[in-house]
Every structure is written in structure tokens, then in C-alpha cells.
>>> print(open('query_26.cif').read())   # mmCIF, C-alpha atoms
data_final
loop_
_atom_site.group_PDB
_atom_site.id
_atom_site.type_symbol
_atom_site.label_atom_id
_atom_site.label_comp_id
_atom_site.auth_asym_id
_atom_site.auth_seq_id
_atom_site.Cartn_x
_atom_site.Cartn_y
_atom_site.Cartn_z
ATOM 1 C CA SER Q 609 -54.411 22.668 -75.535
ATOM 2 C CA GLY Q 610 -55.156 19.873 -77.994
ATOM 3 C CA LYS Q 611 -51.694 19.913 -79.566
ATOM 4 C CA ARG Q 612 -49.771 16.752 -80.413
ATOM 5 C CA VAL Q 613 -46.401 17.119 -78.655
ATOM 6 C CA LEU Q 614 -43.325 14.929 -78.968
ATOM 7 C CA LEU Q 615 -40.395 15.069 -76.534
ATOM 8 C CA VAL Q 616 -37.135 13.884 -78.124
ATOM 9 C CA ASP Q 617 -34.197 12.923 -75.918
ATOM 10 C CA ALA Q 618 -31.298 14.057 -78.088
ATOM 11 C CA ASN Q 619 -28.841 14.050 -75.204
ATOM 12 C CA LEU Q 620 -27.214 10.905 -76.560
ATOM 13 C CA ARG Q 621 -24.285 11.036 -74.125
ATOM 14 C CA ARG Q 622 -26.380 11.316 -70.929
ATOM 15 C CA PRO Q 623 -30.034 10.575 -71.701
ATOM 16 C CA THR Q 624 -32.524 11.191 -68.894
ATOM 17 C CA LEU Q 625 -36.062 11.376 -70.241
ATOM 18 C CA ASP Q 626 -36.725 7.609 -70.288
ATOM 19 C CA ALA Q 627 -35.906 7.429 -66.575
ATOM 20 C CA LYS Q 628 -37.933 10.558 -65.762
ATOM 21 C CA PHE Q 629 -40.993 9.144 -67.498
ATOM 22 C CA LYS Q 630 -40.301 5.580 -66.281
ATOM 23 C CA VAL Q 631 -40.270 3.981 -69.721
ATOM 24 C CA ASN Q 632 -38.004 1.289 -71.055
ATOM 25 C CA SER Q 633 -37.298 1.173 -74.755
ATOM 26 C CA LEU Q 634 -34.602 -0.390 -76.860
ATOM 27 C CA LEU Q 635 -35.245 2.035 -79.717
ATOM 28 C CA GLY Q 636 -34.900 5.792 -79.813
ATOM 29 C CA PHE Q 637 -33.581 8.902 -81.542
ATOM 30 C CA ALA Q 638 -30.090 7.468 -82.135
ATOM 31 C CA ASP Q 639 -31.565 4.379 -83.804
ATOM 32 C CA VAL Q 640 -33.695 6.560 -86.105
ATOM 33 C CA LEU Q 641 -30.655 8.685 -86.969
ATOM 34 C CA LYS Q 642 -28.669 5.533 -87.802
ATOM 35 C CA GLY Q 643 -31.504 4.276 -90.032
ATOM 36 C CA LYS Q 644 -32.001 1.205 -87.832
ATOM 37 C CA ALA Q 645 -35.559 2.139 -86.812
ATOM 38 C CA ALA Q 646 -38.500 4.057 -88.208
ATOM 39 C CA SER Q 647 -39.571 7.130 -86.259
ATOM 40 C CA SER Q 648 -42.929 5.549 -85.444
ATOM 41 C CA ASP Q 649 -41.209 2.518 -83.892
ATOM 42 C CA ALA Q 650 -39.147 4.691 -81.550
ATOM 43 C CA ILE Q 651 -42.037 6.748 -80.153
ATOM 44 C CA ILE Q 652 -43.769 5.913 -76.878
ATOM 45 C CA PRO Q 653 -47.178 7.464 -76.118
ATOM 46 C CA LEU Q 654 -47.191 8.889 -72.573
ATOM 47 C CA ALA Q 655 -50.585 10.590 -72.342
ATOM 48 C CA PRO Q 656 -53.194 11.928 -74.761
ATOM 49 C CA GLY Q 657 -51.322 14.386 -76.972
ATOM 50 C CA LEU Q 658 -47.912 13.655 -75.430
ATOM 51 C CA SER Q 659 -45.309 11.183 -76.714
ATOM 52 C CA LEU Q 660 -41.634 10.486 -76.075
ATOM 53 C CA MET Q 661 -38.789 9.431 -78.331
ATOM 54 C CA PRO Q 662 -36.059 8.237 -75.932
ATOM 55 C CA ALA Q 663 -32.378 8.551 -76.829
ATOM 56 C CA GLY Q 664 -31.977 4.905 -77.857
ATOM 57 C CA GLN Q 665 -28.731 3.009 -78.202
ATOM 58 C CA MET Q 666 -25.845 5.399 -77.640
ATOM 59 C CA PRO Q 667 -23.702 5.861 -80.761
ATOM 60 C CA ARG Q 668 -19.959 6.405 -80.679
ATOM 61 C CA THR Q 669 -20.253 9.410 -82.952
ATOM 62 C CA ALA Q 670 -23.263 11.346 -81.701
ATOM 63 C CA ALA Q 671 -22.148 14.627 -83.254
ATOM 64 C CA ASP Q 672 -21.697 13.077 -86.722
ATOM 65 C CA LEU Q 673 -25.109 11.423 -86.636
ATOM 66 C CA ILE Q 674 -26.828 14.602 -85.540
ATOM 67 C CA SER Q 675 -25.046 16.805 -88.077
ATOM 68 C CA THR Q 676 -25.981 14.578 -91.005
ATOM 69 C CA ARG Q 677 -29.495 13.360 -90.172
ATOM 70 C CA ALA Q 678 -31.168 15.328 -87.369
ATOM 71 C CA SER Q 679 -32.673 18.017 -89.586
ATOM 72 C CA ALA Q 680 -34.426 15.462 -91.812
ATOM 73 C CA VAL Q 681 -35.658 13.378 -88.867
ATOM 74 C CA LEU Q 682 -37.083 16.415 -87.062
ATOM 75 C CA ALA Q 683 -38.737 17.641 -90.271
ATOM 76 C CA SER Q 684 -40.438 14.279 -90.753
ATOM 77 C CA LEU Q 685 -41.788 14.351 -87.208
ATOM 78 C CA LEU Q 686 -43.449 17.675 -87.965
ATOM 79 C CA GLY Q 687 -44.955 16.256 -91.162
ATOM 80 C CA TYR Q 688 -42.723 17.771 -93.821
ATOM 81 C CA GLY Q 689 -39.574 16.644 -95.549
ATOM 82 C CA ASN Q 690 -38.773 13.368 -97.253
ATOM 83 C CA PHE Q 691 -37.137 11.366 -94.462
ATOM 84 C CA ASP Q 692 -39.085 8.314 -93.307
ATOM 85 C CA CYS Q 693 -42.029 9.334 -95.538
ATOM 86 C CA ALA Q 694 -44.062 6.224 -94.813
ATOM 87 C CA THR Q 695 -44.244 7.114 -91.142
ATOM 88 C CA GLN Q 696 -44.624 10.893 -91.043
ATOM 89 C CA LEU Q 697 -46.332 11.520 -87.752
ATOM 90 C CA ASP Q 698 -47.292 15.176 -88.042
ATOM 91 C CA PHE Q 699 -46.719 16.423 -84.490
ATOM 92 C CA ASP Q 700 -47.697 20.013 -83.761
ATOM 93 C CA LEU Q 701 -44.680 20.589 -81.550
ATOM 94 C CA VAL Q 702 -41.388 18.722 -81.204
ATOM 95 C CA ILE Q 703 -39.381 19.563 -78.092
ATOM 96 C CA VAL Q 704 -35.776 18.399 -78.193
ATOM 97 C CA ASP Q 705 -33.830 17.863 -74.982
ATOM 98 C CA ALA Q 706 -30.238 18.519 -76.030
ATOM 99 C CA PRO Q 707 -26.937 18.214 -74.167
ATOM 100 C CA PRO Q 708 -25.364 21.313 -72.594
ATOM 101 C CA VAL Q 709 -24.436 23.872 -75.254
ATOM 102 C CA LEU Q 710 -20.881 24.410 -74.041
ATOM 103 C CA ALA Q 711 -20.164 20.703 -73.489
ATOM 104 C CA ALA Q 712 -21.210 19.044 -76.752
ATOM 105 C CA SER Q 713 -21.010 20.098 -80.386
ATOM 106 C CA GLU Q 714 -24.211 18.195 -81.190
ATOM 107 C CA ALA Q 715 -26.155 20.716 -79.080
ATOM 108 C CA GLN Q 716 -25.000 23.438 -81.443
ATOM 109 C CA GLU Q 717 -25.984 21.333 -84.470
ATOM 110 C CA LEU Q 718 -29.474 20.768 -83.049
ATOM 111 C CA ALA Q 719 -29.853 24.446 -82.162
ATOM 112 C CA GLY Q 720 -29.044 25.417 -85.732
ATOM 113 C CA VAL Q 721 -31.913 23.344 -87.169
ATOM 114 C CA ALA Q 722 -34.488 24.149 -84.474
ATOM 115 C CA ASP Q 723 -37.163 26.795 -84.967
ATOM 116 C CA GLY Q 724 -36.360 28.138 -81.508
ATOM 117 C CA VAL Q 725 -34.016 27.506 -78.604
ATOM 118 C CA LEU Q 726 -34.885 27.905 -74.949
ATOM 119 C CA LEU Q 727 -31.677 28.087 -72.924
ATOM 120 C CA LEU Q 728 -31.911 26.512 -69.465
ATOM 121 C CA THR Q 729 -29.595 27.625 -66.678
ATOM 122 C CA LYS Q 730 -29.220 26.424 -63.096
ATOM 123 C CA ALA Q 731 -29.679 28.950 -60.291
ATOM 124 C CA GLY Q 732 -26.575 29.423 -58.198
ATOM 125 C CA GLU Q 733 -24.382 27.319 -60.541
ATOM 126 C CA THR Q 734 -24.520 28.875 -63.989
ATOM 127 C CA ASP Q 735 -22.689 32.167 -63.915
ATOM 128 C CA ALA Q 736 -23.252 35.112 -66.232
ATOM 129 C CA LYS Q 737 -20.068 34.412 -68.219
ATOM 130 C CA GLU Q 738 -21.262 30.868 -69.030
ATOM 131 C CA VAL Q 739 -24.653 32.197 -70.122
ATOM 132 C CA THR Q 740 -22.968 34.817 -72.309
ATOM 133 C CA ASN Q 741 -20.665 32.183 -73.835
ATOM 134 C CA ALA Q 742 -23.606 29.854 -74.501
ATOM 135 C CA ILE Q 743 -25.571 32.643 -76.201
ATOM 136 C CA SER Q 744 -22.521 33.492 -78.308
ATOM 137 C CA VAL Q 745 -22.074 29.843 -79.362
ATOM 138 C CA LEU Q 746 -25.768 29.595 -80.229
ATOM 139 C CA SER Q 747 -25.551 32.787 -82.264
ATOM 140 C CA ARG Q 748 -22.637 31.366 -84.277
ATOM 141 C CA ALA Q 749 -24.758 28.233 -84.880
ATOM 142 C CA ARG Q 750 -27.462 30.540 -86.279
ATOM 143 C CA ALA Q 751 -29.856 29.470 -83.542
ATOM 144 C CA ASN Q 752 -32.988 31.438 -82.771
ATOM 145 C CA VAL Q 753 -32.744 31.930 -79.011
ATOM 146 C CA VAL Q 754 -36.281 32.676 -77.856
ATOM 147 C CA GLY Q 755 -35.727 32.757 -74.119
ATOM 148 C CA LEU Q 756 -33.859 31.857 -70.980
ATOM 149 C CA VAL Q 757 -35.122 29.682 -68.121
ATOM 150 C CA LEU Q 758 -33.661 29.779 -64.634
ATOM 151 C CA ASN Q 759 -34.044 26.303 -63.062
ATOM 152 C CA GLN Q 760 -33.877 25.107 -59.461
ATOM 153 C CA VAL Q 761 -34.552 28.414 -57.778
ATOM 154 C CA LYS Q 762 -34.721 27.935 -53.980
ATOM 155 C CA SER Q 763 -36.825 30.902 -52.845
ATOM 156 C CA GLN Q 764 -38.777 33.841 -54.214
ATOM 157 C CA ASP Q 765 -35.983 36.259 -53.223
ATOM 158 C CA ALA Q 766 -33.393 34.179 -55.075
ATOM 159 C CA ALA Q 767 -35.667 33.962 -58.119
ATOM 160 C CA ASP Q 768 -36.044 37.718 -58.298
ATOM 161 C CA SER Q 769 -32.334 38.518 -57.932
ATOM 162 C CA HIS Q 770 -30.971 35.735 -60.175
ATOM 163 C CA ALA Q 771 -33.571 36.201 -62.891
ATOM 164 C CA SER Q 772 -33.065 39.942 -63.178
ATOM 165 C CA TYR Q 773 -29.259 39.530 -63.153
ATOM 166 C CA HIS Q 774 -29.222 36.860 -65.871
ATOM 167 C CA LEU Q 775 -31.741 38.658 -68.033
ATOM 168 C CA GLU Q 776 -29.748 41.897 -67.812
ATOM 169 C CA MET Q 777 -26.628 39.999 -68.875
ATOM 170 C CA THR Q 778 -28.270 38.226 -71.811
ATOM 171 C CA GLY Q 779 -31.131 40.457 -72.951
ATOM 172 C CA SER Q 780 -29.174 42.049 -75.798
ATOM 173 C CA TYR Q 781 -28.170 38.654 -77.166
ATOM 174 C CA MET Q 782 -31.653 37.402 -78.035
ATOM 175 C CA LEU Q 783 -31.432 37.528 -81.802
ATOM 176 C CA PRO Q 784 -33.807 36.641 -84.627
ATOM 177 C CA ARG Q 785 -32.767 33.762 -86.889
ATOM 178 C CA LEU Q 786 -29.933 34.809 -89.180
ATOM 179 C CA ASN Q 787 -30.387 33.897 -92.831
ATOM 180 C CA ALA Q 788 -27.501 32.125 -94.534
#
>>> encode(input="query_26.cif", output="C-alpha cells")
Amino acid sequence: SGKRVLLVDANLRRPTLDAKFKVNSLLGFADVLKGKAASSDAIIPLAPGLSLMPAGQMPRTAADLISTRASAVLASLLGYGNFDCATQLDFDLVIVDAPPVLAASEAQELAGVADGVLLLTKAGETDAKEVTNAISVLSRARANVVGLVLNQVKSQDAADSHASYHLEMTGSYMLPRLNA
């Protein structure tokens, strides 16, 4: 569509995007958060209009780094804000791969600064109570939940039954951003 898109691997505990895209980088999101690398140095072009910022060197305090610096780093990648001004890259869309919402506090921090959150669930493994709890946690983080994705569906019949069940359970929880 002609948009400049950046994928950011913010799952600092269990990063996966570098392996999925078969790239090897010593620098990434964690290094930018720590101030040890400029954003432009941590970005790997993958295809025209698509780039990746891998997770980088895993910090001991992922949640602290994300809570103090993620908002400024993400703003600079979109071309606004004062962080890393010399290397503002002006992406049209920044997609952040975060850790599971119920497993890591940094996911909640990231959700709170994102324009929108797309909650991914796994067919046959994520039950309705977990989805409801995740939506509740995201709501408390003032996240704008824009949708729900059901991953790893095995057949069309399973897709229809699981999707309708999960959407019924979570439909009333899709909230607009709450103003502080």
C-alpha cells in the first residue's frame, strides 16, 4: 500500500522476530531503550516499505526500561517527539510485538502508549476467562483494544465456533481510549 512499516520486537524476554525473518543483529529495541544505540542503527530493512527492529541484547529489567523510555522511542519512530531527534525515521506504521499481556508487566506498559492494541489468542488453548482477564488488564492500562485475532485455527468449523464464542465473550470490552 506504499506505507513505511516497522516491526518492533518488544518481547525482550522471549524475542522471536529475528529468527522468523532470519536476520542476525547485535542491536535492537533494548539497546535503543538503554541509550546504547540510535534507532536508525537498530533497524534492518527487510523489503521495500518493511523494516524490523529486533529485540537486541536482553536487559535484566525489561519492565523498567519500557516504562521509562518506550513512549519516547516509539514517538520518534513515527516522526514526532524529541527522543533521538537526529535519526527520526518517520514510519507510517509501527507494529510492536509485545509479550503476553497476562505474563509480563511490560506488555501492559506498551499497550498504554500504543494507539491501538490487537489482542492475539490461540485457538483451543486460550480460554474465555483468559481473554476476559487480558481485556480487563488492558483496560486498566488505558489501552485502546481495537480487535481480537484467533490464531492457529485448524479447520473452518473450528474457526467459526471459536471465533463466535470468543467475540461474544469479549465484544462488550472493546473500549475507546480513556483520557487521563
>>> residues_around(input="query_26.cif", residues="Q:Pro708", least_positions_apart="5", cutoff="12 Å", atoms="only C-alpha atoms", output="ChimeraX atom specification")
/Q:618-623,713-719,726-730,734,738-739,741-743,745-746
>>> closest_residue(input="query_26.cif", among="Q:Ala749, Q:Val761, Q:Val613, Q:Ala731", to="Q:Leu660", atoms="all atoms listed in the file")
Q:Val613
>>> atom_distance(input="query_26.cif", atom1="atom CA of Q:Asp626", atom2="atom CA of Q:Pro662")
5.7 Å
>>> residues_near_point(input="query_26.cif", point="(-31.4, 8.9, -84.6)", cutoff="8 Å", atoms="all atoms listed in the file", output="number ranges by chain")
Q: 636-643, 663-664, 673-674, 677-678, 681
>>> resolve_selection(input="query_26.cif", expression="the PyMOL selection byres ((chain Q and resi 649) around 12)", output="number ranges by chain")
Q: 633-637, 639-640, 643-648, 650-653, 659-662, 664, 692, 694-697
>>> axis_aligned_box(input="query_26.cif", around="stretch 681-684 of chain Q", padding_each_side="8 Å", output="lines of an AutoDock Vina configuration file")
center_x = -38.0
center_y = 15.5
center_z = -88.9
size_x = 20.8
size_y = 20.3
size_z = 19.7
>>> closest_residue(input="query_26.cif", among="Q:Ala711, Q:Val702, Q:Val753, Q:Leu758", to="Q:Gly724", atoms="all atoms listed in the file")
Q:Val753
>>> closest_residue(input="query_26.cif", among="Q:Glu733, Q:Thr669, Q:Asp723, Q:Ala655", to="Q:Val754", atoms="only C-alpha atoms")
Q:Asp723
